[in-house]
Every structure is written in structure tokens, then in C-alpha cells.
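Shown next: target.txt, containing compact mmCIF, C-alpha atoms.
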# COMPACT_ATOMS: atom_id res chain seq x y z
CA MET K 82 -136.60 10.50 -86.64
CA LYS K 83 -136.88 8.34 -83.53
CA VAL K 84 -137.45 4.64 -84.11
CA GLY K 85 -140.38 3.17 -82.13
CA ARG K 86 -140.15 -0.13 -80.31
CA ASN K 87 -142.55 -1.78 -82.78
CA ASP K 88 -141.15 -0.12 -85.92
CA PRO K 89 -139.06 -2.14 -88.42
CA CYS K 90 -135.44 -2.18 -87.29
CA PRO K 91 -133.24 0.23 -89.30
CA CYS K 92 -130.63 -2.52 -89.77
CA GLY K 93 -132.78 -4.11 -92.47
CA SER K 94 -133.32 -7.43 -90.71
CA GLY K 95 -137.10 -7.22 -91.12
CA LYS K 96 -137.66 -7.63 -87.39
CA LYS K 97 -139.23 -5.16 -84.99
CA TYR K 98 -136.75 -2.76 -83.43
CA LYS K 99 -137.42 -4.09 -79.91
CA ARG K 100 -136.50 -7.62 -81.01
CA CYS K 101 -133.38 -6.66 -82.93
CA CYS K 102 -131.00 -3.74 -82.38
CA MET K 103 -132.69 -1.88 -79.52
CA ASP K 104 -130.48 -3.56 -76.91
CA ALA K 105 -127.34 -2.66 -78.86
CA VAL K 106 -128.45 0.98 -79.14
CA SER K 107 -129.29 1.06 -75.43
CA LYS K 108 -125.80 -0.27 -74.71
CA GLN K 109 -124.29 2.44 -76.91
CA HIS K 110 -126.29 5.13 -75.10
CA SER K 111 -125.16 3.70 -71.77
CA GLU K 112 -121.51 3.83 -72.85
CA ILE K 113 -121.91 7.44 -73.99
CA ALA K 114 -123.55 8.32 -70.69
CA ASP K 115 -120.57 6.78 -68.87
CA ASP K 116 -118.19 8.88 -70.99
CA ILE K 117 -120.12 12.05 -70.15
CA SER K 118 -120.23 11.19 -66.46
CA GLN K 119 -116.47 10.76 -66.51
CA ALA K 120 -116.07 14.11 -68.27
CA ILE K 121 -118.25 15.84 -65.66
CA ALA K 122 -116.22 14.28 -62.84
CA MET K 123 -113.05 15.65 -64.40
CA ASN K 124 -114.56 19.05 -65.18
CA PRO K 125 -117.67 19.82 -63.05
CA THR K 126 -117.98 23.38 -64.46
CA LEU K 127 -119.13 22.23 -67.93
CA THR K 128 -122.21 24.13 -69.10
CA GLU K 129 -125.34 22.46 -70.53
CA ASP K 130 -124.38 23.52 -74.06
CA GLU K 131 -120.91 22.07 -73.61
CA LEU K 132 -122.38 18.79 -72.36
CA ASN K 133 -124.71 18.62 -75.37
CA ARG K 134 -121.80 19.20 -77.74
CA LEU K 135 -119.80 16.54 -75.93
CA ALA K 136 -122.65 14.03 -76.20
CA GLN K 137 -123.00 14.78 -79.92
CA GLN K 138 -119.25 14.36 -80.41
CA LYS K 139 -119.24 11.01 -78.61
CA MET K 140 -122.18 9.77 -80.69
CA VAL K 141 -120.47 10.78 -83.94
CA GLU K 142 -117.25 9.08 -82.84
CA ARG K 143 -119.02 5.82 -82.09
CA ASN K 144 -121.05 5.88 -85.32
CA ASN K 145 -117.87 6.37 -87.33
CA ARG K 146 -115.87 3.69 -85.54
CA PRO K 147 -115.02 0.65 -87.71
CA ILE K 148 -116.90 -2.52 -86.75
CA ASP K 149 -115.23 -5.91 -87.19
CA ASP K 150 -118.51 -7.65 -88.05
CA PHE K 151 -119.03 -5.09 -90.84
CA CYS K 152 -115.59 -5.98 -92.29
CA GLY K 153 -114.27 -2.63 -91.08
CA LEU K 154 -117.17 -0.41 -92.13
CA SER K 155 -118.59 2.00 -89.58
CA PRO K 156 -122.31 2.09 -88.68
CA THR K 157 -122.55 5.38 -90.59
CA GLN K 158 -121.07 3.85 -93.75
CA MET K 159 -123.22 0.74 -93.50
CA SER K 160 -126.37 2.81 -92.97
CA ASN K 161 -125.61 4.78 -96.14
CA TRP K 162 -125.10 1.63 -98.21
CA LEU K 163 -128.32 0.08 -96.90
CA TYR K 164 -130.69 3.03 -97.10
CA ALA K 165 -129.34 5.95 -99.14
CA PRO K 166 -130.79 6.64 -102.61
CA PHE K 167 -128.66 5.48 -105.52
CA ASN K 168 -127.32 8.98 -106.24
CA GLU K 169 -126.39 9.62 -102.57
CA LEU K 170 -124.19 6.57 -101.95
CA THR K 171 -120.85 7.38 -100.31
CA ASP K 172 -117.44 5.68 -100.34
CA VAL K 173 -118.02 4.29 -103.82
CA LYS K 174 -117.64 5.81 -107.27
CA ILE K 175 -119.99 4.32 -109.88
CA SER K 176 -118.93 5.00 -113.48
CA VAL K 177 -120.11 4.08 -116.95
CA PRO K 178 -117.49 1.89 -118.68
CA SER K 179 -116.29 3.16 -122.04
CA ASP K 180 -117.00 -0.20 -123.68
CA LEU K 181 -120.22 -2.04 -122.78
CA SER K 182 -120.07 -4.64 -125.55
CA ALA K 183 -119.26 -7.45 -123.08
CA SER K 184 -122.41 -6.85 -121.03
CA PRO K 185 -125.34 -9.14 -121.94
CA VAL K 186 -127.93 -6.74 -120.50
CA MET K 187 -126.60 -3.73 -122.39
CA GLY K 188 -126.18 -5.79 -125.57
CA TYR K 189 -129.75 -7.06 -125.46
CA LEU K 190 -131.05 -3.55 -124.76
CA SER K 191 -129.21 -2.32 -127.85
CA VAL K 192 -130.94 -4.97 -129.95
CA MET K 193 -134.35 -3.88 -128.64
CA LEU K 194 -133.74 -0.16 -129.17
CA ASP K 195 -132.23 -0.63 -132.63
CA ALA K 196 -135.24 -2.71 -133.71
CA MET K 197 -137.66 -0.02 -132.53
CA VAL K 198 -135.67 2.76 -134.21
CA GLU K 199 -135.66 0.82 -137.50
CA GLN K 200 -139.44 0.41 -137.33
CA GLY K 201 -140.31 3.99 -136.54
CA GLY K 202 -140.28 3.81 -132.75
CA SER K 203 -142.18 0.61 -131.97
CA ILE K 204 -142.23 -3.13 -132.63
CA LYS K 205 -145.12 -5.57 -132.54
CA ALA K 206 -145.21 -8.01 -129.65
CA THR K 207 -146.16 -11.67 -129.91
CA ALA K 208 -149.64 -12.85 -128.97
CA LYS K 209 -148.28 -13.58 -125.46
CA GLY K 210 -146.88 -10.07 -125.15
CA ASN K 211 -143.25 -11.10 -125.66
CA LEU K 212 -140.53 -9.73 -127.90
CA PRO K 213 -140.80 -10.87 -131.53
CA ALA K 214 -138.96 -14.03 -132.65
CA LYS K 215 -136.68 -12.15 -135.05
CA LEU K 216 -135.41 -9.96 -132.25
CA VAL K 217 -134.85 -13.01 -130.03
CA GLN K 218 -132.71 -14.55 -132.79
CA GLN K 219 -130.65 -11.36 -133.07
CA ALA K 220 -130.10 -11.35 -129.29
CA SER K 221 -129.09 -15.03 -129.32
CA ALA K 222 -126.47 -14.30 -131.96
CA LEU K 223 -124.63 -12.02 -129.49
CA LEU K 224 -123.61 -14.89 -127.20
CA PRO K 225 -120.03 -15.25 -128.58
CA GLU K 226 -119.37 -11.62 -127.61
CA PHE K 227 -120.05 -12.22 -123.91
CA ALA K 228 -117.86 -13.78 -121.24
CA VAL K 229 -120.23 -16.53 -120.10
CA ALA K 230 -119.08 -19.52 -118.06
CA GLU K 231 -118.98 -22.67 -120.20
CA PHE K 232 -120.49 -26.00 -119.22
CA GLU K 233 -118.60 -29.26 -119.73
CA THR K 234 -121.41 -30.29 -122.07
CA MET K 235 -123.65 -27.93 -123.97
CA PRO K 236 -126.78 -27.25 -121.87
CA SER K 237 -130.19 -27.72 -123.47
CA ILE K 238 -131.32 -24.43 -121.92
CA SER K 239 -129.18 -21.32 -121.57
CA ASP K 240 -129.97 -18.05 -119.83
CA TYR K 241 -128.22 -16.24 -122.69
CA THR K 242 -129.89 -17.77 -125.75
CA GLY K 243 -133.32 -19.06 -126.65
CA SER K 244 -135.88 -19.60 -129.37
CA ASN K 245 -138.33 -17.25 -127.67
CA GLU K 246 -138.35 -14.81 -124.78
CA ASP K 247 -139.97 -17.32 -122.40
CA LYS K 248 -136.84 -19.51 -122.61
CA PHE K 249 -134.33 -16.67 -122.60
CA ASN K 250 -133.95 -15.42 -119.03
CA ALA K 251 -131.29 -12.75 -119.58
CA LEU K 252 -133.25 -11.20 -122.45
CA HIS K 253 -136.52 -11.29 -120.51
CA TYR K 254 -134.76 -9.78 -117.49
CA THR K 255 -133.46 -6.96 -119.68
CA ARG K 256 -136.90 -6.26 -121.14
CA VAL K 257 -138.46 -6.14 -117.65
CA LEU K 258 -135.76 -3.72 -116.43
CA ALA K 259 -136.21 -1.53 -119.51
CA GLU K 260 -139.94 -1.26 -118.84
CA LEU K 261 -139.46 -0.54 -115.12
CA ALA K 262 -136.90 2.15 -115.97
CA GLY K 263 -139.29 3.77 -118.47
CA ILE K 264 -136.94 3.17 -121.40
CA ILE K 265 -139.58 1.21 -123.32
CA ASN K 266 -143.29 0.82 -122.71
CA PHE K 267 -145.88 -1.73 -123.79
CA GLU K 268 -149.21 -0.52 -125.15
CA ARG K 269 -151.83 -2.06 -127.43
CA GLY K 270 -149.72 -5.03 -128.41
CA ARG K 271 -146.57 -3.09 -129.23
CA PHE K 272 -143.35 -2.07 -127.50
CA HIS K 273 -142.79 1.67 -127.86
CA LEU K 274 -139.87 4.08 -127.62
CA SER K 275 -140.78 7.64 -126.56
CA ASP K 276 -139.39 10.65 -128.41
CA GLY K 277 -137.36 11.62 -125.33
CA ILE K 278 -135.74 8.19 -125.04
CA LEU K 279 -135.07 8.09 -128.78
CA LYS K 280 -133.29 11.45 -128.58
CA GLN K 281 -131.26 10.26 -125.59
CA TYR K 282 -130.24 7.11 -127.48
CA GLN K 283 -129.20 9.11 -130.52
CA GLN K 284 -127.11 11.51 -128.41
CA GLN K 285 -125.57 9.18 -125.81
CA GLY K 286 -125.86 5.71 -127.28
CA ILE K 287 -126.45 2.69 -125.07
CA ALA K 288 -124.14 4.17 -122.39
CA GLY K 289 -126.85 6.69 -121.52
CA PHE K 290 -128.99 3.91 -120.05
CA PHE K 291 -126.34 2.11 -117.99
CA LEU K 292 -126.88 4.01 -114.73
CA PRO K 293 -130.69 4.27 -114.99
CA LEU K 294 -130.92 0.54 -115.62
CA LEU K 295 -128.53 -0.24 -112.75
CA GLU K 296 -130.53 1.96 -110.40
CA THR K 297 -133.67 0.11 -111.45
CA VAL K 298 -132.10 -3.22 -110.46
CA VAL K 299 -131.36 -2.07 -106.92
CA ALA K 300 -134.40 0.14 -106.38
CA GLN K 301 -137.38 -1.35 -108.23
CA TYR K 302 -136.75 -4.82 -109.60
CA ASN K 303 -137.99 -7.83 -107.61
CA TRP K 304 -134.91 -10.03 -107.15
CA GLY K 305 -137.07 -13.10 -106.63
CA TYR K 306 -138.85 -12.73 -109.97
CA LEU K 307 -136.93 -15.46 -111.81
CA ASP K 308 -136.83 -18.03 -108.99
CA GLY K 309 -139.28 -19.87 -106.75
CA TRP K 310 -138.04 -18.64 -103.38
CA SER K 311 -140.10 -16.56 -100.98
CA ASP K 312 -140.21 -12.86 -101.86
CA ASP K 313 -140.02 -12.09 -98.13
CA ILE K 314 -136.29 -12.85 -98.14
CA SER K 315 -134.85 -9.73 -99.73
CA LEU K 316 -131.15 -9.32 -100.50
CA LYS K 317 -131.57 -6.09 -102.45
CA SER K 318 -130.69 -3.76 -99.55
CA PHE K 319 -127.33 -5.49 -99.15
CA TRP K 320 -126.24 -5.31 -102.79
CA LEU K 321 -123.44 -2.76 -102.37
CA PHE K 322 -121.97 -4.44 -99.30
CA MET K 323 -121.98 -7.80 -101.14
CA LEU K 324 -120.44 -6.23 -104.24
CA TRP K 325 -117.68 -4.65 -102.16
CA ARG K 326 -116.85 -7.91 -100.42
CA LEU K 327 -116.92 -9.97 -103.62
CA GLN K 328 -114.72 -7.49 -105.45
CA SER K 329 -112.22 -7.59 -102.58
CA HIS K 330 -111.74 -11.38 -102.43
CA GLY K 331 -113.65 -13.02 -105.33
CA SER K 332 -114.91 -15.88 -103.16
CA LEU K 333 -118.56 -16.94 -102.97
CA GLU K 334 -117.85 -18.93 -99.81
CA ARG K 335 -116.32 -15.92 -98.07
CA LEU K 336 -119.07 -13.62 -99.35
CA ILE K 337 -121.74 -15.81 -97.74
CA LYS K 338 -119.79 -15.77 -94.46
CA ASP K 339 -119.43 -11.98 -94.63
CA VAL K 340 -123.19 -11.57 -95.03
CA GLU K 341 -123.98 -14.02 -92.22
CA THR K 342 -121.61 -12.19 -89.87
CA ALA K 343 -122.77 -8.67 -90.71
CA PHE K 344 -126.49 -9.50 -90.79
CA PRO K 345 -127.12 -12.50 -88.50
CA ASP K 346 -130.86 -11.85 -88.36
CA LEU K 347 -131.06 -12.31 -92.14
CA VAL K 348 -130.21 -15.99 -91.65
CA LYS K 349 -133.13 -16.35 -89.21
CA GLN K 350 -135.57 -15.13 -91.87
CA VAL K 351 -134.79 -18.10 -94.12
CA PRO K 352 -137.42 -20.87 -93.72
CA LYS K 353 -136.10 -24.01 -92.05
CA SER K 354 -135.68 -27.09 -94.22
CA LYS K 355 -135.05 -30.78 -93.55
CA ASN K 356 -132.48 -30.95 -96.33
CA ARG K 357 -130.50 -27.71 -95.86
CA SER K 358 -129.50 -25.50 -92.96
CA GLN K 359 -130.69 -21.90 -92.96
CA GLN K 360 -127.09 -20.84 -93.65
CA ASP K 361 -126.90 -23.12 -96.70
CA GLN K 362 -130.21 -21.85 -98.01
CA LEU K 363 -129.08 -18.24 -97.64
CA GLY K 364 -125.97 -19.20 -99.59
CA VAL K 365 -128.10 -20.55 -102.43
CA LEU K 366 -130.13 -17.33 -102.46
CA ILE K 367 -126.97 -15.23 -102.72
CA GLU K 368 -125.64 -17.46 -105.49
CA VAL K 369 -128.84 -17.37 -107.54
CA ARG K 370 -130.20 -13.87 -106.96
CA PHE K 371 -127.01 -11.88 -106.61
CA ILE K 372 -124.40 -13.77 -108.65
CA GLU K 373 -126.35 -15.55 -111.39
CA ASN K 374 -129.34 -13.27 -111.96
CA PHE K 375 -127.58 -9.96 -111.42
CA LEU K 376 -123.81 -9.86 -111.75
CA GLN K 377 -123.58 -12.47 -114.53
CA PHE K 378 -126.43 -10.91 -116.51
CA TRP K 379 -124.58 -7.60 -116.44
CA GLY K 380 -121.23 -9.09 -117.42
CA PHE K 381 -119.61 -8.20 -114.09
CA VAL K 382 -118.53 -11.76 -113.22
CA THR K 383 -118.63 -15.32 -114.46
CA MET K 384 -119.20 -18.28 -112.19
CA ASP K 385 -117.93 -21.78 -112.94
CA PRO K 386 -121.02 -24.02 -113.01
CA LYS K 387 -119.16 -27.03 -111.61
CA ARG K 388 -120.58 -28.09 -108.26
CA PHE K 389 -118.73 -31.40 -107.78
CA ILE K 390 -115.12 -32.45 -108.40
CA ASN K 391 -114.26 -36.14 -107.96
CA GLY K 392 -117.59 -36.66 -106.25
CA GLU K 393 -117.06 -33.91 -103.66
CA ARG K 394 -119.11 -30.71 -103.55
CA VAL K 395 -117.08 -27.54 -104.14
CA SER K 396 -117.81 -23.85 -103.92
CA PRO K 397 -118.16 -22.39 -107.43
CA LYS K 398 -115.23 -20.32 -108.68
CA ILE K 399 -116.03 -16.71 -109.49
CA ALA K 400 -114.04 -14.62 -111.97
CA ILE K 401 -114.18 -10.85 -111.55
CA LEU K 402 -114.48 -9.29 -115.01
CA PRO K 403 -113.16 -5.88 -116.15
CA LEU K 404 -116.66 -4.38 -116.33
CA LEU K 405 -117.04 -4.75 -112.56
CA THR K 406 -113.84 -2.94 -111.64
CA GLN K 407 -114.48 -0.31 -114.31
CA SER K 408 -117.98 0.34 -112.97
CA PHE K 409 -117.33 0.35 -109.21
CA LYS K 410 -114.39 1.90 -107.38
CA PHE K 411 -114.71 1.52 -103.62
CA LEU K 412 -113.08 4.15 -101.44
CA VAL K 413 -112.91 2.13 -98.21

In C-alpha cells, what does this structure look like?
Amino acid sequence: MKVGRNDPCPCGSGKKYKRCCMDAVSKQHSEIADDISQAIAMNPTLTEDELNRLAQQKMVERNNRPIDDFCGLSPTQMSNWLYAPFNELTDVKISVPSDLSASPVMGYLSVMLDAMVEQGGSIKATAKGNLPAKLVQQASALLPEFAVAEFETMPSISDYTGSNEDKFNALHYTRVLAELAGIINFERGRFHLSDGILKQYQQQGIAGFFLPLLETVVAQYNWGYLDGWSDDISLKSFWLFMLWRLQSHGSLERLIKDVETAFPDLVKQVPKSKNRSQQDQLGVLIEVRFIENFLQFWGFVTMDPKRFINGERVSPKIAILPLLTQSFKFLV
């Protein structure tokens, strides 16, 4: 389908095509035209069909040529990672790890499903529509099983424990994902488990929900839900590119630079601030939305919470955990 001048640019920048990549595409078309002109000069007897095949071949070659700004990905590969449905992604193999016990999200989901199974398929919600206090206590007790970065002093509030769901971000996040994925549903003051989901849980265990829940994160969930930043700044389309880069070098600082280089127009979408540059603000977004509220919640990484050493600001250290490498194998 042809992209119109005023249509959103396919690169995902959020800008109109005419103000983003149209010039680059025009340049590409011009280069292809030059190649064809050269071919005609060398062989003036080429037929129209042969010229069309040549033009198609040149276009395919350019779309599959590695781009330095994309860290060696081709435009074709990048387009797939940005726009393809979850089950049509290429150059990556996504698997279900054999042991999910180290994943907070999967652990908390198990607590929810087990509670509903024990009570005949549903549990009563609180007056505010949250998970019951007993279940929250059971979820909090799982903390020692997870690889969670430790603070120098015990924090008063933790994303992985809480006295109620309102103060327990990782649990609330899991419940929201489970509802979006259709694993549980809320009706008339109770959380319910359908017969189909119950049967799936009995046959496959918690592993049966790993991929559906992951797909929900990258297809339906609002990444800005747990923070106060503008929802207009979306990182969701870039999740696989960021995951690939982080898995390759394990550096938040380099990850931010990779994103800025590959998607320069994304930086321009960040509101200007007197206290931080747009680049710094994008870095905070990546740290909070991608690292803290996605990868850490799933048990894919831990991030050292230290921000200053001897009075100087430092980039947080990220540890790649086995669940990440077991779940994603990149083929590029």
C-alpha cells in the first residue's frame, strides 16, 4: 500500500511521512533509477519486463542491505520488528523457559489462578475492585524466590511486595495483563476463571500463559500506565530492537544511544524541559518503562538501583538473567 504524504510515517516516529522519511525514500528511488539507467546504457535491448524485474531486484537488494544506524539490521528486518504481529516476527526465536519460578509475573499469576481454582473458579474482590488481602500476602511471600536488585537500605515501598494491591505494582501489573489477555475477568465484584482457561491451566500449567501474556505486553498494554509521563511517547513498537541491543551488550547507556541513533525523531517527540535534555528524558523513559516496568517484572533482568557513587551520577548496572536468554534467541 502506498504511503500518502500526510499519512503517519511507517518508521514509527509519529510524524507525517512528508516530514520524516519521504526524502530518504525519494533518494533511494533516485539511486535505483540511476542503477537502471546505467543498466540500459550497457544493454539497450532490455525489454520492459526485464527492466521491471531489474527494478524489483534493486529494490530488494537495498531493503536487505545492513544499515549502520540500525546496528546492522536491514530496513526489511527493522520493518518486521516494528510492525509485524507477534507470531510473524522474524530473526528471533521466542521460547517458553522450562522453569518460570524466577519470574515475578508468572509467579503472581500462579497465585491468582491457584486461588480461583481452590474457590471453585472465582474469588471475591475488595470493595475497591482489587485482589483480596490474603492473596496479596501470598504473593508477597514469593519475594525470596525472585532475583530482585537489593537496595542498600530496605525501601519502605517495593514493587514486589505490599499490604494491598494498590501498593504492589508488580502484582497489579500482572492482574491487568491477565485481564487484557482474557485469562481472568472481573464481573459483579469477583474475579473469574473461565472453563476454557481452567482446562488450559490444568493441562499446561503456568507455562501455557507465558506467550499470551508476553504478547499482551507488546500488543495491548499501555506502557505509560504506571508512570506520569505522556502517553504520546510510545516505546512499545521498539521493544524487540531494544531487547536485542540490551541482550547483546547489557548496557543501559549504550541501549539509549542505540535507540537515539536508530530513531532520531523519537527524541524530538519528548517534551522539552528546563532541567533535562530531550535525550536524558528519553533515557529515563527507557529505564522506567522498558527496564523497570517490563523486563524486571518478568524476571529477565535486574538493575542496580544505585544512581550515585562518591557523589557522582552513574549509569545503573544491568544484569541479564537466564530467563531472558532462555526466552529470546536472536538470529542476527

* To do: Take atom CA of Ser318 of chain K and atom CA of Leu366 of chain K and report the distance between them in Å, one decimal.
  => 13.9 Å

* Structure fact -> One decimal place gives the atom CA of Ala288 of chain K-atom CA of Lys317 of chain K separation as 23.6 Å

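Across the structure, atom CA of Gln200 of chain K and atom CA of Gly263 of chain K are spaced 19.2 Å apart.
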
* To do: Using all atoms listed in the file, determine which residues lie at most 8 Å from Pro178 of chain K, disregarding the query and same-chain residues fewer than 2 positions distant; provide the list as number ranges by chain.
  => K: 176, 180-181, 288, 404, 407-408

* Contacts of Gly202 of chain K within 10 Å, all atoms listed in the file, excl. fewer than 2 positions in-chain, as a PyMOL selection string -> chain K and resi 194-200+204+265+271-276+278-279

Selection to disk with C-alpha atoms, as a tab-separated table (two decimals), in the frame of the given file:
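Contents of out_28.tsv, freshly written:
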chain	number	residue	atom	x	y	z
K	194	LEU	CA	-133.74	-0.16	-129.17
K	195	ASP	CA	-132.23	-0.63	-132.63
K	196	ALA	CA	-135.24	-2.71	-133.71
K	197	MET	CA	-137.66	-0.02	-132.53
K	198	VAL	CA	-135.67	2.76	-134.21
K	199	GLU	CA	-135.66	0.82	-137.50
K	200	GLN	CA	-139.44	0.41	-137.33
K	204	ILE	CA	-142.23	-3.13	-132.63
K	265	ILE	CA	-139.58	1.21	-123.32
K	271	ARG	CA	-146.57	-3.09	-129.23
K	272	PHE	CA	-143.35	-2.07	-127.50
K	273	HIS	CA	-142.79	1.67	-127.86
K	274	LEU	CA	-139.87	4.08	-127.62
K	275	SER	CA	-140.78	7.64	-126.56
K	276	ASP	CA	-139.39	10.65	-128.41
K	278	ILE	CA	-135.74	8.19	-125.04
K	279	LEU	CA	-135.07	8.09	-128.78

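Nearest to Leu261 of chain K of all the residues K:Glu226, K:Glu296, K:Glu131, K:Asp116 is K:Glu296, counting only C-alpha atoms.
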
* Within 8 Å of Lys174 of chain K, counting only C-alpha atoms, which residues qualify if same-chain residues fewer than 3 places away don't, as a list in words? -> Thr171, Ser408, Phe409, Lys410, Phe411 and Leu412 of chain K
